[in-house]
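Visitor: Sending over a structure as structure tokens; questions will come in a sec.
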Amino acid sequence: MSLHTSTIRELSEKLKRREISSVELTESVFARISATEERLRSYVTLCRESALGEAQQADERLKNGSDAPPLLGIPIALKDIFLAQGVRTTCASKILGNFVPPYDGTAVKRLKTSGAVIVGKTNMDEFAMGSSTENSAFAVTRNPWNLERVPGGSSGGSAAAVAADQCIAALGTDTGGSIRQPAACCGIVGLKPTYGRVSRFGVIAFASSLDQVGPMTKDVTDCALMLETIAGHDPADSTSVPAPVPAYASHLTGEVKGLRVGIPKEYFIPGIQPEVEQAVKEGIHRLEKAGVELVEVSLPHTEYAVAVYYIIATAEASSNLARYDGMKYGYRAPGKNLTETYLKSRQEGFGPEVKRRIMLGTYALSAGYYDAYYLKAQKARTLIKRDFEEAFKKCDVIITPTAPTTAFKIGEKTEDPLQMYLSDIFTISVNLAGLPGLSLPCGFDSAGLPVGMQIIGKYFDETTMLRAAFAYEQATEWHKKKPKIS
Amino acid sequence: MKITREEVQRVALLARLQLSPQEEELLTGQLDKILQYMDKLNQLDTEKVEPLAHVVDIVNAFREDRVVHEPKPDSLLANAPAKEKTFFKVPKIIE
């Protein structure tokens, strides 16, 4: 078995026993990238030289002492939204095409402190706006399971890289499903933590009340290990919560007897691909056999979530992206005066979807429309949050499909933005409520594309969510399947 | 129609985006369709509902106001589209 196909847990054991070195492992990952990257285009920037340096340091640390955090010496990829000191960080936008951050974001710093090896920066939808990674200013990433299909988005490069063994695990961000939906499309595990669990400092902002950082991994154990590493309070992010971080991986016992699993009827609706529904229902049945108790719950405001989300997220984005004015950093187009410089820099620097969302958000916040759109959406958001609070009185976790379909074809939805927005229908409520959610593989459709099952947890109860996911994973083999990249 | 071409032009200026005529036309149609979809929210009675400002119950987060990270001026200026000595060079602001 090649090194790059293994998990964090397996490799960490081998590294600690000195059976392998981090340099060997890192070389193996880069060899895999060389063999596959031309077809997949998962990465925007590769950091081979610095990665080998970090691997060498990790080997020193492994040799010298007993201090060996689980990520020590493990090659990790970062979505190109994370500031990493000295490494070009573009957010897949022309406007940040040459941007080199002068500092590390908190999640990146925690990975580095724990000895992780940074492989490179992965492709994404520009400013994380999209569900297919087709909105990147640089390249279209392809799904390793089928090169004609999208990898999902916006963390599509991270998902494809993990699925294709171009890294051991990756970091993503999730504003409306951008970790979970690509994880589902590529057959990996992806976790969005509770809002406030992981610091957003040094993450390029899209919609600040929704954005969260999370792990994308080959299995549930790795997901728990990586979350332990990056989670926790950070004074630099005033929305990060000063709550203790559990040792998530130590809670993965496989035991779920008596766990109450809520099934919301609003998530099994006409329009969902029948094979997706079937795979998720079989997944639920599998957990029932393992001893969970199924409870029917209702989330009656689900049908409003897409409308609420695309008002709030675009409003926040229009405000966050006002900083790209071509003055202190980023792309500047020459203009006759200041206003023309702004207008032209932003016109030439942003891609079509980003402009569309800035326009929508600016409109929703503008005089005369604020009450009808933004305020109305914030009120509806309260109703969506209340739905979950009610439902969680009756259950410990909620299970749904992650996405209504498996990975769609490249180009299939680019002409119709609203259709693209609807691919987030099962994931965005979780962001609106601020809850933790996880996607893990639960089967394949007849075209051989992976299906994802979403497990939603209570606030700051990632532990129970991971425990349920682990029990399911123990009972199945889906996470061991690998794509044949042709 | 929820939105007219003139409104698209007005919003584009507010957002500091110089749209081409083709973009204006395309966006007018697309935004109209999206805004019509948003009308769904009018089915909801929200008169007695408070808007949600923050999902987690944190009220204020205070910390000491001290410098913990001080990047060197050079590293900040390195990304500037134009600079002079230790200054960002920008277009004239007061005409």
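Starting from 1 in every chain, residues are counted up; chains themselves are A, B, ... following the order of the structure tokens, and ligands are numbered from 1 as listed.
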What residues in chain A have any atom no more than 6 Å from chain B when counting only C-alpha atoms, and can you write them as a PyMOL selection string?
Guide: chain A and resi 102+238+307+328-329+338+343+346-347+378-379+382+434
Visitor: Let's see if you can do this: from backbone DSSP, list all strand (DSSP E) residues in stretch 364-424 of chain A, as a list in words.
Guide: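 Here is the list: Val397, Ile398, Ile399, Thr400 and Pro401 of chain A.
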Visitor: State, in Å with one decimal place, the distance from atom CA of A:Glu19 to atom CA of A:Gly65.
Guide: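 Value for the atom CA of A:Glu19-atom CA of A:Gly65 distance: 15.8 Å.
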Visitor: Report, in Å with one decimal, the straight-line distance from atom CA of A:Lys14 to atom CA of A:Ala169.
Guide: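 Atom CA of A:Ala169 lies 16.6 Å from atom CA of A:Lys14.
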Visitor: For stretch 55-63 of chain A, list every protein, DNA or RNA residue within 8 Å, evaluated using only C-alpha atoms, and leave out those in the same chain fewer than 3 positions away; present the list as an MDAnalysis selection string.
Guide: chainID A and resid 15:16 18 21:23 26 51:52 66:68 72:73 115:117
Visitor: Just to confirm, what's the straight-line distance from atom CA of A:Leu78 to atom CA of A:Tyr421 in Å (one decimal)?
Guide: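 The value is 24.5 Å.
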Visitor: With only C-alpha atoms as the basis for distance, which of A:Leu210, A:Leu46, A:Met327, A:Ile118 is at the shortest distance from A:Thr427?
Guide: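 Selected residue with least distance to A:Thr427: A:Leu210.
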Visitor: Which polymer residues have any atom within 8 Å of an atom of stretch 261-270 of chain A, counting only C-alpha atoms, with same-chain residues fewer than 2 positions away left out, as a ChimeraX atom specification?
Guide: /A:259,272,277,292-300,302-303,391-392,394-401,426
Visitor: Save out the residues we just selected, C-alpha atoms, as a tab-separated table (two decimals), in the first residue's frame.
Guide:
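What ended up in part12.tsv:
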```
chain	number	residue	atom	x	y	z
A	259	LEU	CA	-28.88	7.50	20.74
A	272	ILE	CA	-34.25	14.60	-4.69
A	277	GLU	CA	-32.73	9.13	-0.96
A	292	VAL	CA	-30.12	4.01	17.66
A	293	GLU	CA	-33.69	5.08	18.21
A	294	LEU	CA	-35.34	6.87	15.26
A	295	VAL	CA	-37.55	9.87	15.94
A	296	GLU	CA	-39.55	11.78	13.36
A	297	VAL	CA	-38.92	15.51	13.68
A	298	SER	CA	-40.11	18.52	11.73
A	299	LEU	CA	-38.17	21.53	10.48
A	300	PRO	CA	-41.10	23.40	8.95
A	302	THR	CA	-36.70	24.44	5.64
A	303	GLU	CA	-38.25	25.60	2.37
A	391	ALA	CA	-36.36	19.29	17.04
A	392	PHE	CA	-33.37	18.80	19.33
A	394	LYS	CA	-36.61	15.11	20.90
A	395	CYS	CA	-33.29	13.84	19.52
A	396	ASP	CA	-29.49	13.96	19.89
A	397	VAL	CA	-28.54	14.21	16.22
A	398	ILE	CA	-30.45	14.75	12.97
A	399	ILE	CA	-29.73	12.81	9.77
A	400	THR	CA	-30.48	14.03	6.23
A	401	PRO	CA	-29.00	13.75	2.75
A	426	PHE	CA	-29.91	20.61	2.63
```
Visitor: Would you please extract all alpha helix (DSSP H) residues from chain B, as assigned by DSSP on the backbone, and give them as a ChimeraX atom specification?
Guide: /B:5-14,21-38,73-77
Visitor: Neighbouring residues of A:Thr217 were defined as those with any atom within 7 Å, considering only C-alpha atoms; residues of the same chain fewer than 3 positions away were excluded. Please report them as a PyMOL selection string.
Guide: chain A and resi 162+169-170+188-190+222-223
